[in-house]
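**Student:** If it helps, the file is called protein.cif and holds mmCIF, C-alpha atoms:
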data_entry
loop_
_atom_site.label_atom_id
_atom_site.label_comp_id
_atom_site.auth_asym_id
_atom_site.auth_seq_id
_atom_site.Cartn_x
_atom_site.Cartn_y
_atom_site.Cartn_z
CA MET A 1 -63.05 48.15 -45.46
CA VAL A 2 -64.32 45.10 -43.58
CA GLY A 3 -63.00 43.73 -40.29
CA GLN A 4 -61.77 40.26 -39.44
CA PRO A 5 -64.25 37.36 -39.43
CA PRO A 6 -66.15 37.14 -36.11
CA LEU A 7 -64.40 34.01 -34.80
CA GLN A 8 -60.91 34.94 -35.95
CA GLY A 9 -58.34 33.50 -33.53
CA LEU A 10 -60.65 30.94 -31.94
CA LYS A 11 -58.82 27.61 -31.67
CA VAL A 12 -60.90 24.49 -32.32
CA LEU A 13 -59.84 20.85 -32.04
CA GLU A 14 -62.21 18.69 -34.09
CA PHE A 15 -61.92 14.94 -33.69
CA ALA A 16 -62.45 13.47 -37.14
CA GLY A 17 -65.91 12.12 -37.90
CA LEU A 18 -68.53 12.28 -40.64
CA ALA A 19 -71.42 14.66 -41.36
CA PRO A 20 -72.69 16.43 -38.19
CA GLY A 21 -69.40 16.86 -36.30
CA PRO A 22 -67.51 18.17 -39.32
CA PHE A 23 -70.47 20.42 -40.15
CA ALA A 24 -70.23 22.07 -36.73
CA GLY A 25 -66.50 22.54 -37.41
CA LEU A 26 -67.27 23.92 -40.86
CA LEU A 27 -69.62 26.54 -39.44
CA LEU A 28 -66.89 27.62 -37.02
CA ALA A 29 -64.21 27.60 -39.75
CA ASP A 30 -66.37 29.62 -42.15
CA ALA A 31 -66.67 32.24 -39.38
CA GLY A 32 -62.87 32.47 -39.16
CA ALA A 33 -62.06 30.00 -36.39
CA ASN A 34 -58.84 27.99 -36.63
CA VAL A 35 -60.13 24.43 -36.91
CA LEU A 36 -57.59 21.63 -36.55
CA ARG A 37 -58.96 18.17 -37.32
CA ILE A 38 -57.44 15.28 -35.38
CA ASP A 39 -57.20 12.21 -37.62
CA ARG A 40 -55.97 8.69 -37.08
CA ALA A 41 -52.33 8.07 -37.89
CA ILE A 42 -51.78 5.87 -40.96
CA SER A 43 -48.53 3.92 -40.97
CA GLY A 44 -46.16 5.17 -43.67
CA LYS A 45 -48.71 7.68 -44.98
CA THR A 46 -49.19 10.48 -42.47
CA HIS A 47 -46.49 12.98 -41.55
CA ALA A 48 -44.05 10.89 -43.60
CA PRO A 49 -41.60 12.62 -45.97
CA GLY A 50 -42.51 11.96 -49.59
CA ALA A 51 -45.71 10.11 -48.70
CA GLU A 52 -49.22 11.41 -49.15
CA ALA A 53 -52.27 10.05 -47.38
CA THR A 54 -55.52 9.62 -49.31
CA PRO A 55 -58.12 12.30 -48.49
CA THR A 56 -60.66 11.10 -45.95
CA PRO A 57 -64.36 10.69 -46.87
CA ASP A 58 -65.13 13.93 -45.00
CA SER A 59 -65.94 16.63 -47.57
CA LEU A 60 -66.76 19.40 -45.06
CA THR A 61 -63.16 20.52 -44.81
CA ARG A 62 -62.85 24.04 -46.15
CA HIS A 63 -60.62 26.37 -44.13
CA LYS A 64 -59.46 23.44 -41.96
CA SER A 65 -56.12 21.73 -41.31
CA SER A 66 -55.35 18.24 -40.00
CA ILE A 67 -52.89 16.42 -37.79
CA ALA A 68 -52.63 12.65 -37.48
CA VAL A 69 -52.34 11.23 -33.98
CA ASP A 70 -52.25 7.69 -32.62
CA LEU A 71 -54.75 8.05 -29.77
CA LYS A 72 -53.85 4.59 -28.49
CA SER A 73 -50.37 5.90 -27.78
CA SER A 74 -49.78 7.65 -24.47
CA SER A 75 -47.50 10.17 -26.17
CA GLY A 76 -50.21 10.87 -28.74
CA VAL A 77 -52.77 11.42 -26.00
CA GLU A 78 -50.36 13.74 -24.21
CA LEU A 79 -50.03 15.80 -27.38
CA VAL A 80 -53.80 16.31 -27.52
CA LYS A 81 -53.86 17.24 -23.84
CA GLN A 82 -51.18 19.83 -24.42
CA LEU A 83 -53.12 21.29 -27.35
CA ALA A 84 -56.24 21.42 -25.18
CA ARG A 85 -54.43 23.66 -22.67
CA THR A 86 -54.75 26.63 -25.00
CA ALA A 87 -57.64 25.53 -27.22
CA ASP A 88 -61.03 27.21 -27.02
CA VAL A 89 -63.29 24.45 -28.31
CA ILE A 90 -63.33 20.65 -28.58
CA ILE A 91 -65.69 18.85 -30.97
CA ASP A 92 -66.35 15.25 -29.92
CA PRO A 93 -68.41 13.40 -32.58
CA PHE A 94 -68.18 9.93 -31.05
CA ARG A 95 -70.65 7.71 -29.25
CA PRO A 96 -70.72 8.16 -25.45
CA GLY A 97 -67.58 7.01 -23.66
CA VAL A 98 -65.13 6.78 -26.57
CA LEU A 99 -62.93 9.75 -25.67
CA GLU A 100 -63.37 9.07 -21.96
CA LYS A 101 -61.78 5.63 -22.42
CA LEU A 102 -58.82 7.31 -24.12
CA GLY A 103 -58.36 9.71 -21.22
CA LEU A 104 -59.61 12.66 -23.26
CA GLY A 105 -63.06 13.13 -21.78
CA PRO A 106 -64.34 16.46 -20.45
CA GLU A 107 -63.46 15.64 -16.85
CA VAL A 108 -59.80 15.51 -17.93
CA LEU A 109 -59.56 18.24 -20.56
CA CYS A 110 -61.77 20.77 -18.77
CA ASP A 111 -59.67 20.27 -15.66
CA ILE A 112 -56.54 21.01 -17.70
CA ASN A 113 -58.19 24.08 -19.25
CA PRO A 114 -61.17 25.48 -17.29
CA ARG A 115 -61.96 27.88 -20.18
CA LEU A 116 -62.44 25.02 -22.63
CA VAL A 117 -65.81 24.63 -24.33
CA TYR A 118 -66.19 20.87 -24.72
CA GLY A 119 -68.78 20.26 -27.45
CA ARG A 120 -70.01 16.73 -27.91
CA MET A 121 -72.76 15.30 -29.99
CA THR A 122 -74.63 12.04 -30.18
CA GLY A 123 -77.45 10.77 -32.34
CA PHE A 124 -79.73 9.55 -29.57
CA ARG A 125 -80.12 11.09 -26.12
CA ARG A 126 -77.29 10.22 -23.76
CA ASP A 127 -79.80 9.32 -21.04
CA GLY A 128 -82.37 7.60 -23.27
CA LYS A 129 -83.23 3.99 -24.07
CA TYR A 130 -81.35 4.11 -27.39
CA SER A 131 -78.16 5.67 -26.01
CA SER A 132 -75.95 2.62 -26.59
CA MET A 133 -77.30 1.84 -30.06
CA ALA A 134 -75.88 2.76 -33.46
CA GLY A 135 -78.06 4.89 -35.70
CA HIS A 136 -78.26 7.30 -38.61
CA ASP A 137 -80.29 10.37 -39.51
CA ILE A 138 -83.37 8.33 -40.41
CA ASN A 139 -83.32 6.58 -37.01
CA TYR A 140 -83.01 9.83 -35.05
CA LEU A 141 -85.89 11.33 -37.03
CA ALA A 142 -87.91 8.18 -36.45
CA VAL A 143 -87.71 8.14 -32.64
CA SER A 144 -88.07 11.92 -32.39
CA GLY A 145 -91.50 11.79 -34.04
CA VAL A 146 -90.41 14.07 -36.88
CA LEU A 147 -90.29 11.33 -39.52
CA SER A 148 -93.94 10.48 -38.89
CA MET A 149 -94.87 13.90 -40.31
CA LEU A 150 -92.93 13.60 -43.57
CA GLY A 151 -94.48 12.01 -46.64
CA ARG A 152 -97.47 11.91 -48.92
CA LYS A 153 -100.97 10.77 -48.06
CA GLY A 154 -101.25 7.00 -48.25
CA GLU A 155 -97.49 6.55 -48.53
CA LYS A 156 -94.83 5.57 -46.02
CA PRO A 157 -92.86 8.24 -44.11
CA HIS A 158 -90.00 9.55 -46.22
CA PRO A 159 -86.74 11.11 -44.96
CA PRO A 160 -85.39 14.28 -46.66
CA TRP A 161 -81.79 13.16 -47.30
CA ASN A 162 -79.91 13.59 -44.02
CA ILE A 163 -80.57 17.30 -43.71
CA LEU A 164 -82.86 17.43 -40.68
CA ALA A 165 -81.13 15.33 -38.03
CA ASP A 166 -77.47 15.22 -39.05
CA PHE A 167 -77.05 18.80 -40.15
CA ALA A 168 -79.87 20.98 -38.79
CA GLY A 169 -80.63 19.09 -35.59
CA GLY A 170 -77.05 17.93 -35.11
CA GLY A 171 -74.19 20.02 -36.48
CA ALA A 172 -75.95 23.39 -36.59
CA THR A 173 -77.45 22.86 -33.14
CA LEU A 174 -74.06 21.98 -31.66
CA PHE A 175 -72.62 25.10 -33.32
CA GLN A 176 -75.32 27.17 -31.65
CA GLY A 177 -74.55 25.60 -28.28
CA ILE A 178 -70.84 26.29 -28.68
CA LEU A 179 -71.51 29.95 -29.45
CA LEU A 180 -73.79 30.21 -26.41
CA ALA A 181 -71.06 28.71 -24.23
CA ILE A 182 -68.51 31.18 -25.62
CA ILE A 183 -70.84 34.08 -24.79
CA SER A 184 -71.35 32.65 -21.31
CA ARG A 185 -67.58 32.31 -20.88
CA LYS A 186 -67.18 36.05 -21.36
CA LYS A 187 -69.34 36.54 -18.25
CA THR A 188 -68.09 33.69 -16.07
CA GLY A 189 -64.54 33.18 -17.30
CA LYS A 190 -65.24 29.45 -17.50
CA GLY A 191 -65.96 27.06 -20.32
CA GLN A 192 -68.42 24.19 -20.02
CA ILE A 193 -69.63 20.96 -21.57
CA VAL A 194 -72.04 21.47 -24.47
CA GLU A 195 -74.13 18.41 -25.30
CA ALA A 196 -76.25 18.12 -28.42
CA ASN A 197 -78.14 15.14 -29.76
CA MET A 198 -79.90 14.81 -33.08
CA VAL A 199 -83.17 13.57 -31.62
CA ASP A 200 -83.74 16.65 -29.48
CA GLY A 201 -82.24 18.94 -32.12
CA ALA A 202 -84.59 17.73 -34.85
CA ASN A 203 -87.51 17.77 -32.43
CA TYR A 204 -86.82 21.38 -31.45
CA LEU A 205 -86.83 22.40 -35.11
CA THR A 206 -90.28 20.84 -35.40
CA THR A 207 -91.77 22.88 -32.53
CA TYR A 208 -94.29 24.72 -34.70
CA PRO A 209 -95.50 21.73 -36.77
CA ARG A 210 -95.70 19.59 -33.61
CA ILE A 211 -97.90 22.15 -31.85
CA ALA A 212 -99.95 22.48 -35.03
CA LEU A 213 -100.91 18.79 -34.79
CA LYS A 214 -103.50 19.86 -32.21
CA THR A 215 -104.92 22.64 -34.38
CA PRO A 216 -106.87 22.73 -37.65
CA LEU A 217 -103.63 23.67 -39.44
CA GLY A 218 -102.01 20.28 -38.88
CA GLY A 219 -104.60 18.08 -37.25
CA HIS A 220 -105.30 15.87 -40.26
CA PRO A 221 -103.38 12.68 -41.16
CA ARG A 222 -99.95 12.96 -42.80
CA GLY A 223 -100.14 14.44 -46.28
CA GLU A 224 -103.63 15.91 -45.81
CA ASN A 225 -102.72 19.21 -44.16
CA LEU A 226 -102.22 22.71 -45.48
CA LEU A 227 -98.40 22.66 -45.39
CA ASP A 228 -97.52 19.00 -46.02
CA GLY A 229 -98.80 18.54 -49.55
CA GLY A 230 -102.44 18.11 -48.69
CA SER A 231 -103.43 21.48 -50.07
CA PRO A 232 -103.39 21.97 -53.87
CA TYR A 233 -102.05 25.52 -53.47
CA TYR A 234 -99.04 24.41 -51.40
CA ASP A 235 -97.48 21.75 -53.59
CA THR A 236 -95.32 21.11 -56.63
CA TYR A 237 -96.55 20.52 -60.17
CA GLU A 238 -94.97 18.86 -63.18
CA THR A 239 -94.60 20.92 -66.33
CA LYS A 240 -94.72 19.97 -70.00
CA ASP A 241 -90.97 19.31 -70.12
CA GLY A 242 -90.87 17.08 -67.03
CA LYS A 243 -89.65 19.80 -64.69
CA TYR A 244 -91.55 21.28 -61.74
CA MET A 245 -93.03 24.48 -60.36
CA ALA A 246 -93.55 25.11 -56.63
CA VAL A 247 -96.77 26.75 -55.44
CA GLY A 248 -97.19 28.35 -52.01
CA ALA A 249 -100.12 30.74 -52.52
CA LEU A 250 -101.59 30.60 -49.02
CA GLU A 251 -102.95 34.13 -48.61
CA PRO A 252 -106.04 35.18 -50.60
CA GLN A 253 -104.32 38.00 -52.48
CA PHE A 254 -101.52 35.68 -53.58
CA TYR A 255 -103.92 32.88 -54.46
CA ALA A 256 -105.93 35.29 -56.63
CA VAL A 257 -102.81 36.14 -58.64
CA LEU A 258 -102.00 32.43 -58.98
CA VAL A 259 -105.34 31.34 -60.42
CA LYS A 260 -105.55 34.37 -62.68
CA SER A 261 -102.07 33.66 -64.07
CA LEU A 262 -103.08 30.03 -64.62
CA GLY A 263 -106.21 31.18 -66.48
CA LEU A 264 -108.41 29.52 -63.88
CA ASP A 265 -110.09 32.53 -62.27
CA GLY A 266 -113.85 32.97 -62.33
CA GLN A 267 -114.59 29.82 -60.32
CA ASP A 268 -114.99 31.50 -56.92
CA TRP A 269 -112.00 29.50 -55.63
CA VAL A 270 -110.48 32.45 -53.76
CA ALA A 271 -113.36 32.54 -51.31
CA ARG A 272 -113.61 28.75 -51.13
CA ARG A 273 -109.93 27.79 -51.07
CA HIS A 274 -110.22 26.43 -47.50
CA ASP A 275 -113.15 24.21 -48.48
CA ARG A 276 -111.58 20.77 -48.72
CA GLU A 277 -114.42 19.61 -50.96
CA THR A 278 -112.97 21.79 -53.71
CA TRP A 279 -109.40 20.50 -53.34
CA PRO A 280 -109.56 17.38 -55.56
CA GLU A 281 -110.97 19.28 -58.56
CA MET A 282 -108.68 22.25 -57.89
CA ARG A 283 -105.66 19.97 -57.86
CA ARG A 284 -106.77 18.20 -61.05
CA GLN A 285 -107.06 21.49 -62.90
CA PHE A 286 -103.74 22.75 -61.52
CA GLU A 287 -102.01 19.55 -62.67
CA GLU A 288 -103.58 19.72 -66.11
CA THR A 289 -102.78 23.41 -66.56
CA PHE A 290 -99.16 23.23 -65.41
CA LYS A 291 -98.53 20.37 -67.84
CA SER A 292 -99.68 22.56 -70.73
CA LYS A 293 -96.51 24.67 -70.69
CA THR A 294 -92.80 24.17 -70.07
CA ARG A 295 -91.20 25.35 -66.88
CA SER A 296 -89.48 28.20 -68.74
CA GLU A 297 -92.82 29.36 -70.08
CA TRP A 298 -94.31 29.35 -66.58
CA GLU A 299 -91.30 31.24 -65.27
CA ARG A 300 -91.94 34.01 -67.77
CA ILE A 301 -95.54 34.18 -66.59
CA PHE A 302 -94.87 34.17 -62.85
CA ASP A 303 -91.55 36.01 -62.51
CA GLY A 304 -92.11 39.36 -60.82
CA THR A 305 -95.60 38.47 -59.56
CA ASP A 306 -96.94 37.79 -56.06
CA ALA A 307 -98.39 34.40 -57.01
CA CYS A 308 -95.85 32.58 -54.81
CA CYS A 309 -95.05 30.33 -57.75
CA THR A 310 -91.40 29.60 -58.54
CA PRO A 311 -89.36 27.06 -60.49
CA VAL A 312 -87.93 24.02 -58.71
CA LEU A 313 -84.31 24.53 -59.63
CA GLU A 314 -81.75 21.73 -59.62
CA TYR A 315 -78.22 22.22 -58.32
CA SER A 316 -76.77 21.48 -61.75
CA GLU A 317 -78.66 24.50 -63.08
CA LEU A 318 -77.64 26.72 -60.20
CA GLU A 319 -74.01 25.76 -60.62
CA LEU A 320 -73.75 26.22 -64.38
CA GLN A 321 -76.38 28.70 -65.56
CA PRO A 322 -75.57 32.41 -65.15
CA GLY A 323 -78.43 34.46 -63.75
CA ARG A 324 -79.78 31.66 -61.56
CA GLU A 325 -78.28 33.19 -58.39
CA GLY A 326 -76.42 29.96 -57.78
CA ASP A 327 -73.33 31.48 -56.18
CA GLN A 328 -72.89 29.88 -52.78
CA ARG A 329 -72.66 32.46 -50.01
CA PRO A 330 -72.14 32.37 -46.24
CA ALA A 331 -75.27 31.38 -44.34
CA VAL A 332 -75.58 34.84 -42.80
CA THR A 333 -74.36 38.27 -43.88
CA LEU A 334 -72.35 40.31 -41.39
CA ARG A 335 -71.78 43.65 -43.08
CA ASP A 336 -68.85 44.77 -40.91
CA THR A 337 -67.13 41.47 -40.11
CA PRO A 338 -68.15 39.07 -42.90
CA LEU A 339 -67.64 35.34 -42.79
CA LEU A 340 -65.20 33.72 -45.19
CA ALA A 341 -66.20 33.45 -48.84
CA VAL A 342 -67.25 30.16 -50.40
CA ASP A 343 -67.43 31.08 -54.09
CA GLU A 344 -64.10 31.72 -55.81
CA LYS A 345 -65.73 34.51 -57.81
CA ALA A 346 -66.87 36.44 -54.73
CA SER A 347 -66.41 40.16 -55.35
CA ASP A 348 -68.21 42.04 -52.56
CA PRO A 349 -67.00 40.89 -49.11
CA SER A 350 -70.00 42.36 -47.31
CA LYS A 351 -72.35 40.21 -49.42
CA HIS A 352 -70.34 37.23 -50.62
CA GLY A 353 -67.92 36.80 -47.71
CA GLN A 354 -64.27 37.78 -47.52
CA GLY A 355 -61.22 36.00 -48.82
CA PRO A 356 -60.56 34.05 -52.02
CA GLY A 357 -63.29 31.41 -51.70
CA VAL A 358 -62.63 27.71 -52.12
CA VAL A 359 -62.05 25.24 -54.92
CA GLY A 360 -65.37 23.81 -56.08
CA ARG A 361 -67.35 26.97 -55.21
CA GLY A 362 -69.39 25.04 -52.65
CA TYR A 363 -70.60 22.52 -55.24
CA ALA A 364 -67.70 20.09 -54.87
CA GLY A 365 -65.81 19.30 -51.71
CA GLU A 366 -62.04 19.40 -51.59
CA GLY A 367 -60.69 16.45 -49.63
CA LEU A 368 -58.41 16.95 -46.65
CA SER A 369 -55.81 14.25 -46.08
CA ALA A 370 -54.89 13.17 -42.58
CA GLY A 371 -52.01 15.40 -41.53
CA GLN A 372 -52.49 17.95 -44.31
CA GLY A 373 -51.46 21.44 -43.22
CA GLY A 374 -51.32 20.40 -39.59
CA GLU A 375 -47.67 21.04 -38.84
CA GLU A 376 -47.96 24.55 -40.27
CA ALA A 377 -51.08 25.12 -38.17
CA LEU A 378 -49.30 24.03 -34.99
CA SER A 379 -46.60 26.56 -35.73
CA LYS A 380 -49.00 29.38 -36.58
CA TRP A 381 -51.68 28.83 -33.97
CA PHE A 382 -49.77 27.37 -31.04
CA GLY A 383 -46.21 28.51 -31.72
CA TRP A 384 -44.99 24.93 -31.81
CA SER A 385 -42.05 23.70 -33.86
CA LYS A 386 -41.17 20.19 -34.98
CA GLY A 387 -38.27 18.71 -33.09
CA LYS A 388 -38.74 21.08 -30.19
CA ASP A 389 -42.39 20.70 -29.14
CA PHE A 390 -43.56 17.71 -31.18
CA ASP A 391 -42.22 14.99 -33.40
CA VAL A 392 -43.39 12.07 -35.51
CA GLU A 393 -43.60 8.57 -34.15
CA LYS A 394 -45.14 5.71 -36.14
CA SER A 395 -46.69 8.22 -38.56
CA GLY A 396 -48.45 10.12 -35.78
CA LEU A 397 -47.53 13.31 -33.99
CA VAL A 398 -46.33 12.97 -30.39
CA LEU A 399 -45.48 15.45 -27.72
CA ILE A 400 -41.83 15.91 -26.84
CA GLN A 401 -41.63 15.60 -23.09
CA LYS A 402 -39.48 18.37 -21.69
CA PRO A 403 -37.46 17.78 -18.52
CA LYS A 404 -38.92 19.33 -15.40
CA LEU A 405 -36.61 21.85 -13.77
#
In structure tokens, how does this file's structure come out?
**Tutor:**
Amino acid sequence: MVGQPPLQGLKVLEFAGLAPGPFAGLLLADAGANVLRIDRAISGKTHAPGAEATPTPDSLTRHKSSIAVDLKSSSGVELVKQLARTADVIIDPFRPGVLEKLGLGPEVLCDINPRLVYGRMTGFRRDGKYSSMAGHDINYLAVSGVLSMLGRKGEKPHPPWNILADFAGGGATLFQGILLAIISRKKTGKGQIVEANMVDGANYLTTYPRIALKTPLGGHPRGENLLDGGSPYYDTYETKDGKYMAVGALEPQFYAVLVKSLGLDGQDWVARRHDRETWPEMRRQFEETFKSKTRSEWERIFDGTDACCTPVLEYSELELQPGREGDQRPAVTLRDTPLLAVDEKASDPSKHGQGPGVVGRGYAGEGLSAGQGGEEALSKWFGWSKGKDFDVEKSGLVLIQKPKL
């Protein structure tokens, strides 16, 4: 028998945004937190009987609910303030000053609720030269220095989707900061402001490669180092059928298995693998050999060996082919208090997460419309009821002001 998810009962107010902010909320929701997204009210669409708002572009919505609020309305702002009185966490995804102008900045909400953890995230540093500028993942990587390290020799720097800054350096880093603040609150009894930015977050993730720039490991130009595609035994290779194998045979014992399995042993490469003079010919022979067989044939050769050679699998294969271990699981396994399941076919809570999983199995997002499930969440999480504590005004929820006795 497993216990409740680790963040069960934690109340989170997430102001609607895209990518990093929702990802921080997703990490909290997957751990059992009650995440209530605050969306913009849409006239005639939100909280309107018989009407249904179109799902927002945000696809990181599992285990979340939404309310629609007109934040330009004083009664809408008052509703958020009242929610903040008993909330544990705020997620502010906006550029500096947006919520402050609405009267919902940390100086207001943390005064209302001293235990509140006010998490806010920006792309650039709040105190840096780019603080007032718009940007995206590629821009944050660019000014952090990280982007300069990514790419092939002789080619321009190349960003890896928006994984590094938006999600790893942004959303996941803010999540970490929120958890640290919650731990601190247990000691001090007080919440605090948690500030994350994607420049520093991405830069922190690059601590080891950055330090390596001043060592033989990473001191060569981009694309000419051991771990950035410069080495022939840490790279990918095309196979006969146009697919790819990934090679990471860094240690001598693993490299020996690799070249033997490729049929290329007997050339004294194990002892000379660090000799860069051998790399061009080594790479040429690796490329030629890998193209002689299909990826499936190479899998049969390398599966179960210590050659550090594996197939480059595509998500379409992982999703549809049994045996590819493509079931999406929680990021971390807690044996006693597992996170919530992602895959609908999850069977072992201690491994796959607890609960029924979600539609799409982690391969397709299920949209959340503005206002969807929000009124039920207010009742369940805050004990509020429509007509007594809140009502609808111009398609947005407003606080019912009660007379002071």
**Student:** What is the distance, in Å and to one decimal place, between CA of Gly103 in chain A and CA of Gly396 in chain A?
**Tutor:**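 Result for CA of Gly103 in chain A versus CA of Gly396 in chain A: 17.6 Å, one decimal.
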**Student:** As an exercise, work out the distance from CA of Leu36 in chain A to CA of Ile182 in chain A in Å and give it to one decimal place.
**Tutor:**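 CA of Ile182 in chain A lies 18.2 Å from CA of Leu36 in chain A.
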**Student:** With distances taken over all atoms listed in the file, which residue among A:Asp30, A:Val35, A:Gln354, A:Asp235 lies nearest Met1 in chain A?
**Tutor:** A:Gln354
**Student:** What does the distance between CA of Arg284 in chain A and CA of Glu155 in chain A come to in Å, to one decimal place?
**Tutor:** 19.5 Å
**Student:** May I ask which of the residues A:Asp389, A:Asp92, A:Asp39, A:Glu224 is the closest one to Ser66 in chain A, counting all atoms listed in the file?
**Tutor:** A:Asp39
**Student:** So that I can check the surroundings of Pro160 in chain A, please list as an NGL selection string every protein, DNA and RNA residue that reaches within 10 Å of it, counting all atoms listed in the file and ignoring chain neighbours fewer than 5 positions away.
**Tutor:** :A and (137-138 or 147 or 150-151 or 165)
**Student:** So, with only C-alpha atoms as the atoms that count, which of A:Phe382, A:Glu281, A:Leu340, A:Pro22 lies closest to Gln4 in chain A?
**Tutor:** A:Leu340
**Student:** Once the PyMOL selection byres ((chain A and resi 122) around 12) has been evaluated on this model, what residues remain selected, and can you format them as a count of residues only?
**Tutor:** 45
**Student:** Give me the result of the PyMOL selection byres ((chain A and resi 33) around 12) on this file, residue by residue, as a PyMOL selection string.
**Tutor:** chain A and resi 4-14+24-32+34-36+62-65+87-89+179+339-340+381
**Student:** So which one's closest to Ala346 in chain A, A:Cys308, A:Val358, A:Val146, A:Val77? Using all atoms listed in the file, please.
**Tutor:** A:Val358
**Student:** Here is a test: counting only C-alpha atoms, which residue of A:Arg361, A:Lys153, A:Lys81, A:Lys129 is nearest to Glu107 in chain A?
**Tutor:** A:Lys81
**Student:** Determine the residue set returned by the PyMOL selection byres ((chain A and resi 109) around 10) for the present structure, and present it as a list in words.
**Tutor:** Val80, Lys81, Gln82, Leu83, Ala84, Arg85, Ile90, Gly103, Leu104, Gly105, Pro106, Glu107, Val108, Cys110, Asp111, Ile112, Asn113, Pro114, Arg115, Leu116, Val117 and Tyr118 of chain A
**Student:** Nearest to Ala307 in chain A: which of A:Val332, A:Val2, A:Val259, A:Ala51 is it, counting only C-alpha atoms?
**Tutor:**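 Among the listed residues, A:Val259 lies closest to Ala307 in chain A.
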**Student:** Could you list, as a list in words, every residue within 12 Å of Asp343 in chain A, counting all atoms listed in the file and ignoring same-chain residues fewer than 6 positions away?
**Tutor:** Arg62, Glu319, Glu325, Gly326, Asp327, Gln328, Arg329, Pro330, Pro349, Lys351, His352, Gly353, Gln354, Gly355, Pro356, Gly357, Val358, Val359, Gly360, Arg361, Gly362, Tyr363 and Ala364 of chain A
**Student:** With C-alpha atoms retained, write the just-selected residues as a compact mmCIF listing (two decimals), in the frame of the given file.
**Tutor:**
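Contents of part.txt, freshly written:
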# COMPACT_ATOMS: atom_id res chain seq x y z
CA ARG A 62 -62.85 24.04 -46.15
CA GLU A 319 -74.01 25.76 -60.62
CA GLU A 325 -78.28 33.19 -58.39
CA GLY A 326 -76.42 29.96 -57.78
CA ASP A 327 -73.33 31.48 -56.18
CA GLN A 328 -72.89 29.88 -52.78
CA ARG A 329 -72.66 32.46 -50.01
CA PRO A 330 -72.14 32.37 -46.24
CA PRO A 349 -67.00 40.89 -49.11
CA LYS A 351 -72.35 40.21 -49.42
CA HIS A 352 -70.34 37.23 -50.62
CA GLY A 353 -67.92 36.80 -47.71
CA GLN A 354 -64.27 37.78 -47.52
CA GLY A 355 -61.22 36.00 -48.82
CA PRO A 356 -60.56 34.05 -52.02
CA GLY A 357 -63.29 31.41 -51.70
CA VAL A 358 -62.63 27.71 -52.12
CA VAL A 359 -62.05 25.24 -54.92
CA GLY A 360 -65.37 23.81 -56.08
CA ARG A 361 -67.35 26.97 -55.21
CA GLY A 362 -69.39 25.04 -52.65
CA TYR A 363 -70.60 22.52 -55.24
CA ALA A 364 -67.70 20.09 -54.87
**Student:** Using all atoms of range 358-374 of chain A listed in the file and a margin of 8 Å per side, can you give the axis-aligned box centre and edge lengths in Å to one decimal, as JSON?
**Tutor:**
{"center_x": -61.0, "center_y": 20.4, "center_z": -47.8, "size_x": 35.3, "size_y": 30.5, "size_z": 32.5}
**Student:** Assuming the input is short of atoms at range 136-143 of chain A, produce N, CA, C and O atoms for that part as a JSON list (two decimals), in the frame of the given file.
**Tutor:**
[["chain", "number", "residue", "atom", "x", "y", "z"],
["A", 136, "HIS", "N", -78.52, 6.28, -37.59],
["A", 136, "HIS", "CA", -78.26, 7.30, -38.61],
["A", 136, "HIS", "C", -79.42, 8.29, -38.61],
["A", 136, "HIS", "O", -80.41, 8.12, -37.88],
["A", 137, "ASP", "N", -79.30, 9.29, -39.44],
["A", 137, "ASP", "CA", -80.29, 10.37, -39.51],
["A", 137, "ASP", "C", -81.73, 9.84, -39.49],
["A", 137, "ASP", "O", -82.56, 10.33, -38.73],
["A", 138, "ILE", "N", -82.01, 8.84, -40.30],
["A", 138, "ILE", "CA", -83.37, 8.33, -40.41],
["A", 138, "ILE", "C", -83.86, 7.76, -39.08],
["A", 138, "ILE", "O", -85.04, 7.90, -38.72],
["A", 139, "ASN", "N", -82.95, 7.14, -38.31],
["A", 139, "ASN", "CA", -83.32, 6.58, -37.01],
["A", 139, "ASN", "C", -83.61, 7.66, -35.98],
["A", 139, "ASN", "O", -84.55, 7.55, -35.18],
["A", 140, "TYR", "N", -82.81, 8.74, -36.00],
["A", 140, "TYR", "CA", -83.01, 9.83, -35.05],
["A", 140, "TYR", "C", -84.32, 10.56, -35.36],
["A", 140, "TYR", "O", -85.08, 10.91, -34.45],
["A", 141, "LEU", "N", -84.61, 10.73, -36.65],
["A", 141, "LEU", "CA", -85.89, 11.33, -37.03],
["A", 141, "LEU", "C", -87.05, 10.43, -36.62],
["A", 141, "LEU", "O", -88.10, 10.90, -36.19],
["A", 142, "ALA", "N", -86.84, 9.13, -36.74],
["A", 142, "ALA", "CA", -87.91, 8.18, -36.45],
["A", 142, "ALA", "C", -88.32, 8.24, -34.98],
["A", 142, "ALA", "O", -89.52, 8.34, -34.66],
["A", 143, "VAL", "N", -87.36, 8.17, -34.06],
["A", 143, "VAL", "CA", -87.71, 8.14, -32.64],
["A", 143, "VAL", "C", -88.06, 9.52, -32.10],
["A", 143, "VAL", "O", -88.66, 9.63, -31.02]]
